[in-house]
$ cat start-v2.txt   # compact mmCIF, C-alpha atoms
# COMPACT_ATOMS: atom_id res chain seq x y z
CA MET A 1153 14.13 3.11 54.18
CA PHE A 1154 16.00 5.68 52.13
CA PRO A 1155 14.47 8.15 49.70
CA SER A 1156 14.98 7.27 46.08
CA VAL A 1157 17.71 9.38 44.56
CA ARG A 1158 17.21 10.92 41.13
CA VAL A 1159 20.30 11.42 39.03
CA GLN A 1160 20.22 14.60 37.04
CA ARG A 1161 22.55 16.21 34.55
CA LEU A 1162 24.48 18.75 36.55
CA PRO A 1163 27.03 21.44 35.77
CA GLN A 1164 30.66 20.77 36.64
CA GLY A 1165 31.08 20.46 40.38
CA GLY A 1166 27.42 19.70 40.68
CA LEU A 1167 28.03 16.02 41.21
CA THR A 1168 29.88 16.66 44.45
CA LEU A 1169 27.06 18.93 45.54
CA ALA A 1170 24.47 16.33 44.58
CA LEU A 1171 26.29 13.58 46.47
CA GLY A 1172 26.50 15.82 49.49
CA LEU A 1173 22.79 16.55 49.27
CA CYS A 1174 21.97 12.84 48.91
CA LEU A 1175 24.10 12.02 51.92
CA SER A 1176 22.45 14.65 54.07
CA LEU A 1177 19.01 13.54 52.86
CA CYS A 1178 19.80 9.93 53.72
CA LEU A 1179 21.15 10.89 57.11
CA SER A 1180 18.13 12.98 57.95
CA CYS A 1181 15.91 10.15 56.74
CA SER A 1182 17.59 7.52 58.86
CA ALA A 1183 17.42 9.89 61.84
CA GLY A 1184 13.66 10.14 61.29
CA ALA A 1185 13.05 6.41 60.89
CA ALA A 1186 12.34 4.29 63.95
CA GLN A 1187 15.48 2.87 65.50
CA SER A 1188 15.72 -0.03 67.91
CA GLY A 1189 17.20 0.60 71.35
CA LEU A 1190 20.06 -1.55 70.06
CA ALA A 1191 21.28 1.44 68.04
CA TYR A 1192 21.69 3.43 71.26
CA LEU A 1193 23.86 0.85 73.05
CA GLY A 1194 27.62 0.75 73.31
CA GLU A 1195 29.56 -1.85 71.38
CA GLU A 1196 29.97 -4.13 74.39
CA LEU A 1197 26.23 -4.55 75.04
CA ARG A 1198 25.47 -4.95 71.34
CA ALA A 1199 27.97 -7.78 71.27
CA LEU A 1200 26.44 -9.32 74.41
CA GLN A 1201 22.99 -9.30 72.84
CA ALA A 1202 24.27 -10.89 69.64
CA ASP A 1203 26.26 -13.62 71.41
CA PRO A 1204 24.22 -16.87 71.38
CA PHE A 1205 26.16 -18.17 74.40
CA ALA A 1206 26.57 -15.05 76.52
CA ASN A 1207 23.18 -13.27 76.11
CA PRO A 1208 21.69 -13.86 79.59
CA GLY A 1209 18.13 -13.66 78.24
CA LEU A 1210 18.61 -16.95 76.45
CA LEU A 1211 18.28 -18.74 79.80
CA TRP A 1212 14.61 -17.80 79.71
CA VAL A 1213 14.31 -19.08 76.17
CA ASP A 1214 15.48 -22.51 77.38
CA ARG A 1215 13.15 -22.41 80.38
CA GLY A 1216 10.33 -21.40 78.05
CA THR A 1217 10.98 -24.35 75.76
CA ALA A 1218 10.73 -26.73 78.73
CA LEU A 1219 7.54 -25.11 80.02
CA TRP A 1220 6.00 -25.12 76.57
CA GLN A 1221 6.39 -28.86 76.31
CA ALA A 1222 5.37 -29.81 79.85
CA ALA A 1223 1.79 -30.46 80.92
CA PRO A 1224 1.16 -28.22 83.93
CA ALA A 1225 -0.86 -30.97 85.65
CA PRO A 1226 -1.87 -34.57 84.90
CA GLY A 1227 -4.54 -34.80 82.23
CA VAL A 1228 -4.05 -31.18 81.17
CA PRO A 1229 -2.67 -30.34 77.74
CA ALA A 1230 0.77 -28.79 77.41
CA CYS A 1231 1.05 -25.69 75.21
CA ALA A 1232 2.75 -27.91 72.64
CA SER A 1233 -0.20 -30.36 72.65
CA CYS A 1234 -2.42 -27.79 70.91
CA HIS A 1235 0.03 -25.43 69.25
CA GLY A 1236 2.94 -27.67 68.24
CA ALA A 1237 6.22 -25.77 68.12
CA PRO A 1238 6.36 -22.25 69.58
CA GLU A 1239 7.27 -21.06 66.08
CA SER A 1240 3.75 -21.97 64.93
CA LEU A 1241 2.68 -18.67 66.57
CA ARG A 1242 5.47 -16.57 65.14
CA ALA A 1243 3.22 -14.67 62.73
CA VAL A 1244 0.99 -13.53 65.59
CA ILE A 1245 3.73 -12.10 67.81
CA PRO A 1246 4.49 -8.94 65.77
CA THR A 1247 0.76 -8.08 65.72
CA LEU A 1248 0.44 -7.92 69.53
CA PRO A 1249 -1.17 -6.22 71.27
CA ARG A 1250 -4.21 -6.55 69.04
CA TRP A 1251 -7.95 -6.05 69.21
CA ASN A 1252 -10.00 -9.04 70.27
CA PRO A 1253 -13.46 -8.59 68.70
CA ALA A 1254 -15.02 -11.21 71.02
CA THR A 1255 -14.02 -9.46 74.24
CA GLU A 1256 -13.85 -6.01 72.61
CA ARG A 1257 -10.59 -5.42 74.39
CA LEU A 1258 -6.90 -5.27 73.57
CA GLU A 1259 -4.87 -8.38 74.27
CA ASN A 1260 -1.11 -8.70 74.50
CA LEU A 1261 1.14 -11.75 74.59
CA GLU A 1262 1.04 -12.03 78.38
CA GLY A 1263 -2.75 -11.77 78.30
CA LEU A 1264 -3.09 -14.46 75.63
CA ILE A 1265 -0.91 -16.90 77.55
CA ARG A 1266 -2.75 -16.21 80.81
CA GLN A 1267 -6.06 -16.70 79.04
CA CYS A 1268 -4.91 -20.08 77.72
CA GLN A 1269 -3.60 -21.13 81.13
CA SER A 1270 -6.94 -20.34 82.66
CA ALA A 1271 -9.38 -21.54 79.99
CA ARG A 1272 -7.50 -24.46 78.37
CA GLN A 1273 -5.14 -25.67 81.06
CA HIS A 1274 -7.46 -24.92 84.01
CA GLN A 1275 -4.58 -23.42 85.94
CA PRO A 1276 -4.26 -20.14 87.81
CA PRO A 1277 -2.75 -17.76 85.24
CA ALA A 1278 0.93 -17.01 85.84
CA PRO A 1279 1.37 -13.47 87.19
CA TYR A 1280 3.27 -10.82 85.24
CA GLU A 1281 7.04 -11.01 85.89
CA SER A 1282 6.77 -14.57 87.24
CA GLU A 1283 9.54 -16.78 85.92
CA ALA A 1284 6.95 -18.89 84.10
CA LEU A 1285 5.31 -16.01 82.24
CA LEU A 1286 8.66 -14.40 81.40
CA ALA A 1287 9.97 -17.72 80.11
CA LEU A 1288 6.93 -18.37 77.92
CA THR A 1289 6.72 -14.83 76.50
CA THR A 1290 10.45 -14.82 75.83
CA ARG A 1291 10.33 -18.20 74.12
CA LEU A 1292 7.44 -17.18 71.88
CA ALA A 1293 8.89 -13.79 70.97
CA HIS A 1294 12.28 -15.38 70.38
CA GLY A 1295 10.61 -17.70 67.89
CA ALA A 1296 9.52 -14.62 65.93
CA ARG A 1297 12.94 -12.98 66.00
CA GLY A 1298 13.65 -11.00 62.84
CA LEU A 1299 10.01 -10.48 61.91
CA PRO A 1300 9.04 -6.80 61.63
CA LEU A 1301 6.68 -5.27 64.18
CA SER A 1302 3.33 -4.80 62.51
CA GLY A 1303 1.86 -1.33 62.19
CA ALA A 1304 -1.63 -2.63 61.47
CA VAL A 1305 -4.37 -1.63 63.88
CA ALA A 1306 -7.97 -2.84 63.63
CA GLN A 1307 -10.49 -0.09 63.00
CA GLU A 1308 -12.20 -0.88 66.30
CA ALA A 1309 -8.91 -0.22 68.09
CA ALA A 1310 -8.46 3.28 66.65
CA PRO A 1311 -9.71 4.99 69.84
CA ALA A 1312 -7.36 2.81 71.93
CA LEU A 1313 -4.48 3.75 69.63
CA ALA A 1314 -5.32 7.43 70.05
CA ARG A 1315 -5.43 7.03 73.84
CA GLY A 1316 -2.08 5.23 73.71
CA GLU A 1317 -0.54 8.15 71.85
CA ALA A 1318 -2.12 10.62 74.27
CA PHE A 1319 -0.56 8.66 77.13
CA PHE A 1320 2.82 8.85 75.38
CA ARG A 1321 2.56 12.62 75.12
CA GLU A 1322 0.98 13.46 78.46
CA ARG A 1323 3.27 14.89 81.12
CA ARG A 1324 2.89 13.16 84.45
CA GLY A 1325 4.33 12.71 87.91
CA GLN A 1326 6.17 15.09 90.18
CA LEU A 1327 8.75 15.75 87.46
CA GLY A 1328 6.00 16.47 84.95
CA LEU A 1329 7.65 14.56 82.09
CA SER A 1330 6.03 12.63 79.25
CA CYS A 1331 7.39 9.58 77.43
CA ALA A 1332 7.78 11.81 74.35
CA ASP A 1333 9.85 14.39 76.25
CA CYS A 1334 12.69 11.90 76.58
CA HIS A 1335 12.14 9.23 73.92
CA GLU A 1336 11.11 11.46 71.04
CA ARG A 1337 12.44 14.94 71.65
CA TYR A 1338 15.71 13.96 73.31
CA ALA A 1339 16.36 10.53 71.81
CA GLY A 1340 20.08 10.34 71.19
CA ALA A 1341 20.96 12.88 73.90
CA ARG A 1342 22.61 11.63 77.05
CA LEU A 1343 20.93 11.23 80.41
CA ARG A 1344 23.81 11.03 82.83
CA GLY A 1345 26.28 8.91 80.80
CA ASP A 1346 23.71 6.94 78.78
CA ARG A 1347 22.13 7.73 75.45
CA VAL A 1348 18.35 8.06 75.52
CA SER A 1349 16.67 5.54 73.23
CA GLU A 1350 13.47 6.03 71.26
CA GLY A 1351 11.58 3.79 73.68
CA MET A 1352 10.94 1.09 71.10
CA ILE A 1353 9.47 -2.22 72.24
CA ASN A 1354 10.82 -4.68 69.64
CA GLY A 1355 13.27 -6.35 72.04
CA PHE A 1356 10.95 -7.34 74.91
CA PRO A 1357 11.11 -9.15 77.19
CA ILE A 1358 14.54 -7.57 77.68
CA TYR A 1359 17.42 -8.55 79.91
CA ARG A 1360 18.09 -5.25 81.67
CA LEU A 1361 21.37 -4.74 83.49
CA THR A 1362 19.71 -2.28 85.89
CA TRP A 1363 17.37 -5.08 86.97
CA GLN A 1364 19.87 -7.91 86.67
CA THR A 1365 17.02 -9.92 85.24
CA LEU A 1366 14.47 -10.09 82.46
CA GLY A 1367 11.44 -7.82 82.34
CA SER A 1368 8.28 -7.27 80.34
CA ARG A 1369 7.15 -4.16 78.46
CA HIS A 1370 4.80 -3.31 81.30
CA ARG A 1371 7.62 -3.56 83.84
CA MET A 1372 9.52 -1.01 81.76
CA PHE A 1373 6.47 1.29 81.60
CA ARG A 1374 6.15 1.06 85.39
CA TRP A 1375 9.86 1.72 85.84
CA CYS A 1376 9.73 4.82 83.61
CA ASN A 1377 6.60 6.10 85.37
CA GLU A 1378 8.31 5.72 88.73
CA ALA A 1379 11.43 7.45 87.41
CA VAL A 1380 9.37 10.62 86.81
CA ARG A 1381 7.73 10.06 90.20
CA ALA A 1382 4.38 9.17 88.71
CA GLU A 1383 2.10 6.54 90.15
CA PRO A 1384 2.47 3.44 87.95
CA TYR A 1385 -0.50 1.41 86.71
CA PRO A 1386 -0.87 -2.29 87.52
CA PHE A 1387 0.60 -4.82 85.11
CA GLY A 1388 -1.81 -5.49 82.27
CA ALA A 1389 -3.82 -2.31 82.93
CA GLU A 1390 -5.72 -0.79 80.03
CA PRO A 1391 -3.56 2.37 79.77
CA TYR A 1392 -0.46 0.20 79.41
CA LEU A 1393 -2.10 -2.02 76.79
CA GLU A 1394 -3.03 1.12 74.86
CA LEU A 1395 0.49 2.50 75.19
CA GLU A 1396 1.87 -0.85 74.07
CA LEU A 1397 -0.42 -0.73 71.02
CA PHE A 1398 0.74 2.78 70.17
CA LEU A 1399 4.40 1.79 70.55
CA ARG A 1400 3.97 -1.22 68.28
CA HIS A 1401 2.39 1.04 65.69
CA ARG A 1402 5.12 3.65 66.20
CA GLY A 1403 7.86 1.05 65.80
CA ALA A 1404 6.33 -0.68 62.78
CA GLY A 1405 8.98 -2.40 60.70
CA LEU A 1406 11.54 -2.84 63.47
CA PRO A 1407 12.70 -6.46 63.65
CA LEU A 1408 11.92 -8.38 66.84
CA GLU A 1409 15.10 -8.91 68.88
CA THR A 1410 13.92 -10.89 71.90
CA PRO A 1411 15.71 -11.32 74.22
CA ALA A 1412 17.32 -7.90 73.80
CA VAL A 1413 19.97 -6.71 76.25
CA ARG A 1414 19.58 -3.19 77.59
CA ARG A 1415 21.23 -1.08 80.28
CA MET B 660 40.77 7.01 87.36
CA ALA B 661 40.72 10.52 85.94
CA ALA B 662 36.98 10.64 86.59
CA ALA B 663 37.46 9.67 90.23
CA VAL B 664 40.02 12.44 90.72
CA ILE B 665 37.71 14.97 89.08
CA SER B 666 34.76 13.84 91.19
CA SER B 667 36.65 14.09 94.46
CA THR B 668 37.71 17.60 93.48
CA ALA B 669 34.07 18.44 92.86
CA ALA B 670 32.96 16.94 96.15
CA ALA B 671 35.29 19.27 97.98
CA GLY B 672 33.86 22.24 96.03
CA ALA B 673 34.05 22.51 92.26
CA PRO B 674 36.93 24.57 90.85
CA ASP B 675 34.49 27.36 90.07
CA ALA B 676 33.29 27.31 93.63
CA GLN B 677 36.73 27.69 95.17
CA GLY B 678 36.58 30.36 97.78
CA ALA B 679 32.78 30.22 97.57
CA SER B 680 30.56 30.55 100.60
CA PRO B 681 29.68 27.46 102.64
CA LEU B 682 26.16 27.78 101.23
CA ALA B 683 27.47 27.66 97.65
CA GLN B 684 29.69 24.70 98.51
CA GLN B 685 26.70 22.89 99.98
CA GLY B 686 24.80 23.79 96.80
CA ALA B 687 27.55 22.21 94.67
CA ARG B 688 27.21 18.96 96.61
CA TRP B 689 23.41 18.94 96.43
CA ALA B 690 23.41 19.76 92.72
CA ALA B 691 25.65 16.78 91.99
CA ASP B 692 23.95 14.33 94.37
CA PRO B 693 21.65 11.97 92.40
CA ALA B 694 19.40 11.73 95.47
CA VAL B 695 18.97 15.51 95.75
CA GLY B 696 19.34 17.92 92.82
CA ASP B 697 20.73 15.40 90.33
CA CYS B 698 21.46 18.28 87.93
CA GLY B 699 24.10 16.14 86.21
CA ILE B 700 21.48 13.83 84.78
CA CYS B 701 20.69 16.52 82.17
CA HIS B 702 23.51 19.10 82.47
CA HIS B 703 27.27 19.12 82.48
CA LEU B 704 28.42 20.32 85.90
CA PRO B 705 31.83 22.00 85.85
CA GLY B 706 34.43 19.90 87.64
CA HIS B 707 32.81 16.58 86.70
CA ASP B 708 33.64 14.22 83.88
CA PRO B 709 31.31 15.19 81.01
CA ARG B 710 31.13 11.55 79.90
CA ASP B 711 29.11 10.76 83.02
CA GLN B 712 26.72 13.66 82.56
CA GLY B 713 23.71 14.59 80.52
CA THR B 714 23.42 16.57 77.31
CA VAL B 715 19.67 17.23 77.47
CA GLY B 716 20.20 20.69 78.95
CA PRO B 717 23.03 23.19 78.38
CA SER B 718 26.32 22.94 80.26
CA LEU B 719 26.25 24.88 83.51
CA ALA B 720 29.79 26.13 82.94
CA GLY B 721 29.63 29.92 82.96
CA VAL B 722 25.92 30.02 83.76
CA GLY B 723 26.68 32.58 86.51
CA LEU B 724 27.92 34.94 83.80
CA ARG B 725 24.91 34.45 81.55
CA LEU B 726 22.21 34.79 84.22
CA ASP B 727 22.02 36.78 87.41
CA GLU B 728 20.89 35.39 90.75
CA ASP B 729 17.24 36.34 90.30
CA ALA B 730 17.07 34.77 86.86
CA LEU B 731 18.76 31.59 88.13
CA ARG B 732 16.32 31.37 91.03
CA ALA B 733 13.35 31.90 88.73
CA LEU B 734 14.58 29.22 86.32
CA LEU B 735 15.12 26.67 89.06
CA THR B 736 11.73 27.48 90.61
CA ASP B 737 9.66 27.18 87.45
CA ALA B 738 11.57 26.93 84.19
CA ARG B 739 8.40 26.16 82.27
CA ALA B 740 6.81 29.46 83.19
CA LEU B 741 9.83 31.27 81.72
CA ARG B 742 10.61 29.02 78.79
CA PRO B 743 7.47 27.33 77.52
CA GLY B 744 8.24 23.98 75.96
CA THR B 745 11.33 23.27 78.04
CA VAL B 746 11.48 19.81 79.60
CA MET B 747 13.19 21.14 82.71
CA PRO B 748 10.94 20.35 85.68
CA ALA B 749 9.69 23.10 87.98
CA TYR B 750 11.74 22.45 91.10
CA GLY B 751 10.02 25.02 93.27
CA ARG B 752 6.34 24.65 92.39
CA PRO B 753 3.97 22.28 94.16
CA ALA B 754 3.47 19.15 92.04
CA THR B 755 -0.07 19.08 90.69
CA GLY B 756 0.14 17.08 87.44
CA PRO B 757 -1.51 13.75 86.66
CA ARG B 758 -0.45 10.61 88.55
CA VAL B 759 1.52 12.43 91.22
CA PRO B 760 1.60 9.87 94.06
CA PRO B 761 -0.46 10.99 97.10
CA ALA B 762 2.66 11.32 99.27
CA LEU B 763 4.20 13.82 96.83
CA GLN B 764 1.11 15.84 95.96
CA GLY B 765 1.51 19.56 96.50
CA LYS B 766 5.20 19.17 97.25
CA PRO B 767 7.95 20.82 95.20
CA LEU B 768 10.77 18.67 93.84
CA LEU B 769 13.33 20.52 95.98
CA PRO B 770 12.73 22.35 99.26
CA ALA B 771 13.55 26.07 99.48
CA ASN B 772 16.81 25.63 101.43
CA VAL B 773 18.18 23.27 98.78
CA ARG B 774 17.14 25.59 95.96
CA ASP B 775 18.80 28.55 97.72
CA ALA B 776 22.05 26.63 98.10
CA ILE B 777 22.02 25.48 94.46
CA VAL B 778 21.32 29.04 93.27
CA ALA B 779 24.22 30.30 95.45
CA TRP B 780 26.46 27.72 93.77
CA LEU B 781 25.21 28.54 90.25
CA THR B 782 26.13 32.22 90.72
CA THR B 783 29.74 31.13 91.31
CA LEU B 784 29.99 29.39 87.92
CA ARG B 785 31.62 32.26 86.11
CA HIS B 786 34.02 30.46 83.81
CA GLY B 787 32.56 29.54 80.44
$ encode --input "start-v2.txt" --output "structure tokens"
Amino acid sequence: MFPSVRVQRLPQGGLTLALGLCLSLCLSCSAGAAQSGLAYLGEELRALQADPFANPGLLWVDRGTALWQAAPAPGVPACASCHGAPESLRAVIPTLPRWNPATERLENLEGLIRQCQSARQHQPPAPYESEALLALTTRLAHGARGLPLSGAVAQEAAPALARGEAFFRERRGQLGLSCADCHERYAGARLRGDRVSEGMINGFPIYRLTWQTLGSRHRMFRWCNEAVRAEPYPFGAEPYLELELFLRHRGAGLPLETPAVRR
Amino acid sequence: MAAAVISSTAAAGAPDAQGASPLAQQGARWAADPAVGDCGICHHLPGHDPRDQGTVGPSLAGVGLRLDEDALRALLTDARALRPGTVMPAYGRPATGPRVPPALQGKPLLPANVRDAIVAWLTTLRHG
């Protein structure tokens, strides 16, 4: 995280100077490293997220546990029948979205669950933002809490990664603002009374006070698009999967925090 | 409590706008209204609690001293033409960028009468 500091023989007074230089180097380094949205919250919301009884997102974790164990219909396997505990998938979570060589497409957590519901459980896949899909995604991501987001991207996904970054930097909508305008250039500044975060995705699904409920990464993308008066894409659309891939790559190393609490 | 007092002062015409024309007073209200100008999302507006306002753009305190009316109008109309790289949207140019919803295509962010009122208010901000 921090640059290694070399100790050198210095003239008198040089030590103070050297310490000062180290401090400023460290500060500039930590300012350059990816920071979770948690770092941009006030003390009260940080405490709410950390509280295992008060974090409202934990309701969805409990619902997810119940759904995971229940067969959706008679004679149909429950998630747990094939996968065991949700934690058995914890190593996969930080690598999503990822390239699926069979379909030659990106797949995210919502997509994987929906695929399983359709192909293995013979059920209609739960729509994005349905209580069922939010509960299952939250439960699985919660099981991977603390693991660092992976920065690895399959070679085949390199063009998708590049398109995701282009999306991040392209100005859009009636306001003509890009994701990068706010979440890169002005991260840390205040919009109205709130500090602008870096737009990291390590806490999703998040419990967002603005929504008074839990929401997925794609709901946040749609919300941001609408805030700059740009036409949003549908949930699960390719441009959002590519943006999600870029943001995972951009936030590599950040620990998963699901369910994070945000404003 | 202090914020509420400050806001009600601003709603009646910011301190800088005291004695200002009705147009400038209307401009002060539109500038602060989140549903109209929403200038406070990025800028500090004099007469409002700075804790509730943005720091993305410079404070507007004293902007009427730094820029004349023409320059203020030009900045509000199309800041990006004057200051390449700024994130300030062009409030007076028809929206043409990607993903502009059909209902908003070709429309500026603020109509001319609102821009005129906000410019009239900005010229009254002469205390840095």
$ atom_distance --input "start-v2.txt" --atom1 "CA of Leu1261 in chain A" --atom2 "CA of Leu1219 in chain A"
15.8 Å
$ closest_residue --input "start-v2.txt" --among "A:Ala1314, A:Val1380, A:Leu1393, A:Leu1343" --to "Pro709 in chain B" --atoms "all atoms listed in the file"
A:Leu1343
$ interface_residues --input "start-v2.txt" --of "chain A" --to "chain B" --cutoff "7 Å" --atoms "all atoms listed in the file" --output "number ranges by chain"
A: 1324-1329, 1333, 1338, 1341-1345, 1381-1383
$ write_last_selection --input "start-v2.txt" --atoms "C-alpha atoms" --output "short mmCIF file (atom, residue, chain, number, x, y, z; two decimals), in the frame of the given file"
data_model
loop_
_atom_site.label_atom_id
_atom_site.label_comp_id
_atom_site.auth_asym_id
_atom_site.auth_seq_id
_atom_site.Cartn_x
_atom_site.Cartn_y
_atom_site.Cartn_z
CA ARG A 1324 2.89 13.16 84.45
CA GLY A 1325 4.33 12.71 87.91
CA GLN A 1326 6.17 15.09 90.18
CA LEU A 1327 8.75 15.75 87.46
CA GLY A 1328 6.00 16.47 84.95
CA LEU A 1329 7.65 14.56 82.09
CA ASP A 1333 9.85 14.39 76.25
CA TYR A 1338 15.71 13.96 73.31
CA ALA A 1341 20.96 12.88 73.90
CA ARG A 1342 22.61 11.63 77.05
CA LEU A 1343 20.93 11.23 80.41
CA ARG A 1344 23.81 11.03 82.83
CA GLY A 1345 26.28 8.91 80.80
CA ARG A 1381 7.73 10.06 90.20
CA ALA A 1382 4.38 9.17 88.71
CA GLU A 1383 2.10 6.54 90.15
#
$ residues_around --input "start-v2.txt" --residues "range 1240-1251 of chain A" --least-positions-apart "4" --cutoff "10 Å" --atoms "only C-alpha atoms" --output "VMD selection string"
chain A and resid 1232 1235 to 1236 1255 to 1264 1289 1292 to 1310 1312 1354 1393 to 1401 1404 to 1408
$ atom_distance --input "start-v2.txt" --atom1 "CA of Leu1200 in chain A" --atom2 "CA of Arg1369 in chain A"
20.4 Å
$ closest_residue --input "start-v2.txt" --among "B:Val722, B:Leu682, B:Ala740, B:Ala733" --to "Leu781 in chain B" --atoms "all atoms listed in the file"
B:Val722
$ residues_around --input "start-v2.txt" --residues "Trp1212 in chain A" --least-positions-apart "6" --cutoff "10 Å" --atoms "all atoms listed in the file" --output "mmCIF file with C-alpha atoms, in the coordinates of the input"
data_model
loop_
_atom_site.group_PDB
_atom_site.id
_atom_site.type_symbol
_atom_site.label_atom_id
_atom_site.label_comp_id
_atom_site.auth_asym_id
_atom_site.auth_seq_id
_atom_site.Cartn_x
_atom_site.Cartn_y
_atom_site.Cartn_z
ATOM 1 C CA ALA A 1218 10.730 -26.730 78.730
ATOM 2 C CA GLU A 1283 9.540 -16.780 85.920
ATOM 3 C CA ALA A 1284 6.950 -18.890 84.100
ATOM 4 C CA LEU A 1285 5.310 -16.010 82.240
ATOM 5 C CA LEU A 1286 8.660 -14.400 81.400
ATOM 6 C CA ALA A 1287 9.970 -17.720 80.110
ATOM 7 C CA LEU A 1288 6.930 -18.370 77.920
ATOM 8 C CA THR A 1289 6.720 -14.830 76.500
ATOM 9 C CA THR A 1290 10.450 -14.820 75.830
ATOM 10 C CA ARG A 1291 10.330 -18.200 74.120
ATOM 11 C CA HIS A 1294 12.280 -15.380 70.380
ATOM 12 C CA PRO A 1357 11.110 -9.150 77.190
ATOM 13 C CA TYR A 1359 17.420 -8.550 79.910
ATOM 14 C CA THR A 1365 17.020 -9.920 85.240
ATOM 15 C CA LEU A 1366 14.470 -10.090 82.460
ATOM 16 C CA PRO A 1411 15.710 -11.320 74.220
#
$ atom_distance --input "start-v2.txt" --atom1 "CA of Val1348 in chain A" --atom2 "CA of Leu735 in chain B"
23.2 Å
$ residues_around --input "start-v2.txt" --residues "Leu704 in chain B" --least-positions-apart "2" --cutoff "7 Å" --atoms "all atoms listed in the file" --output "VMD selection string"
chain B and resid 699 702 706 to 707 718 to 720
$ residues_around --input "start-v2.txt" --residues "Cys1234 in chain A" --least-positions-apart "3" --cutoff "12 Å" --atoms "all atoms listed in the file" --output "list in words"
Trp1220, Gln1221, Ala1223, Val1228, Pro1229, Ala1230, Cys1231, Ala1237, Pro1238, Ser1240, Leu1241, Cys1268, Arg1272 and Gln1273 of chain A
$ build_atoms --input "start-v2.txt" --residues "range 678-693 of chain B" --atoms "N, CA and C atoms" --output "short mmCIF file (atom, residue, chain, number, x, y, z; two decimals), in the coordinates of the input"
data_model
loop_
_atom_site.label_atom_id
_atom_site.label_comp_id
_atom_site.auth_asym_id
_atom_site.auth_seq_id
_atom_site.Cartn_x
_atom_site.Cartn_y
_atom_site.Cartn_z
N GLY B 678 36.71 29.08 97.08
CA GLY B 678 36.58 30.36 97.78
C GLY B 678 35.14 30.78 97.92
N ALA B 679 34.20 29.88 97.49
CA ALA B 679 32.78 30.22 97.57
C ALA B 679 32.29 30.06 99.01
N SER B 680 31.14 30.62 99.26
CA SER B 680 30.56 30.55 100.60
C SER B 680 30.22 29.12 100.96
N PRO B 681 30.11 28.83 102.25
CA PRO B 681 29.68 27.46 102.64
C PRO B 681 28.35 27.09 102.00
N LEU B 682 27.46 28.06 101.85
CA LEU B 682 26.16 27.78 101.23
C LEU B 682 26.36 27.32 99.78
N ALA B 683 27.22 28.03 99.05
CA ALA B 683 27.47 27.66 97.65
C ALA B 683 28.15 26.29 97.57
N GLN B 684 29.02 26.01 98.52
CA GLN B 684 29.69 24.70 98.51
C GLN B 684 28.69 23.58 98.80
N GLN B 685 27.77 23.86 99.72
CA GLN B 685 26.70 22.89 99.98
C GLN B 685 25.85 22.71 98.72
N GLY B 686 25.58 23.83 98.04
CA GLY B 686 24.80 23.79 96.80
C GLY B 686 25.47 22.93 95.75
N ALA B 687 26.80 23.02 95.65
CA ALA B 687 27.55 22.21 94.67
C ALA B 687 27.35 20.72 94.96
N ARG B 688 27.37 20.39 96.26
CA ARG B 688 27.21 18.96 96.61
C ARG B 688 25.77 18.50 96.31
N TRP B 689 24.80 19.33 96.67
CA TRP B 689 23.41 18.94 96.43
C TRP B 689 23.09 18.86 94.93
N ALA B 690 23.67 19.78 94.17
CA ALA B 690 23.41 19.76 92.72
C ALA B 690 23.91 18.46 92.10
N ALA B 691 25.05 17.97 92.59
CA ALA B 691 25.65 16.78 91.99
C ALA B 691 25.05 15.48 92.54
N ASP B 692 24.44 15.54 93.71
CA ASP B 692 23.95 14.33 94.37
C ASP B 692 22.72 13.78 93.65
N PRO B 693 22.80 12.54 93.11
CA PRO B 693 21.65 11.97 92.40
C PRO B 693 20.40 11.87 93.27
#
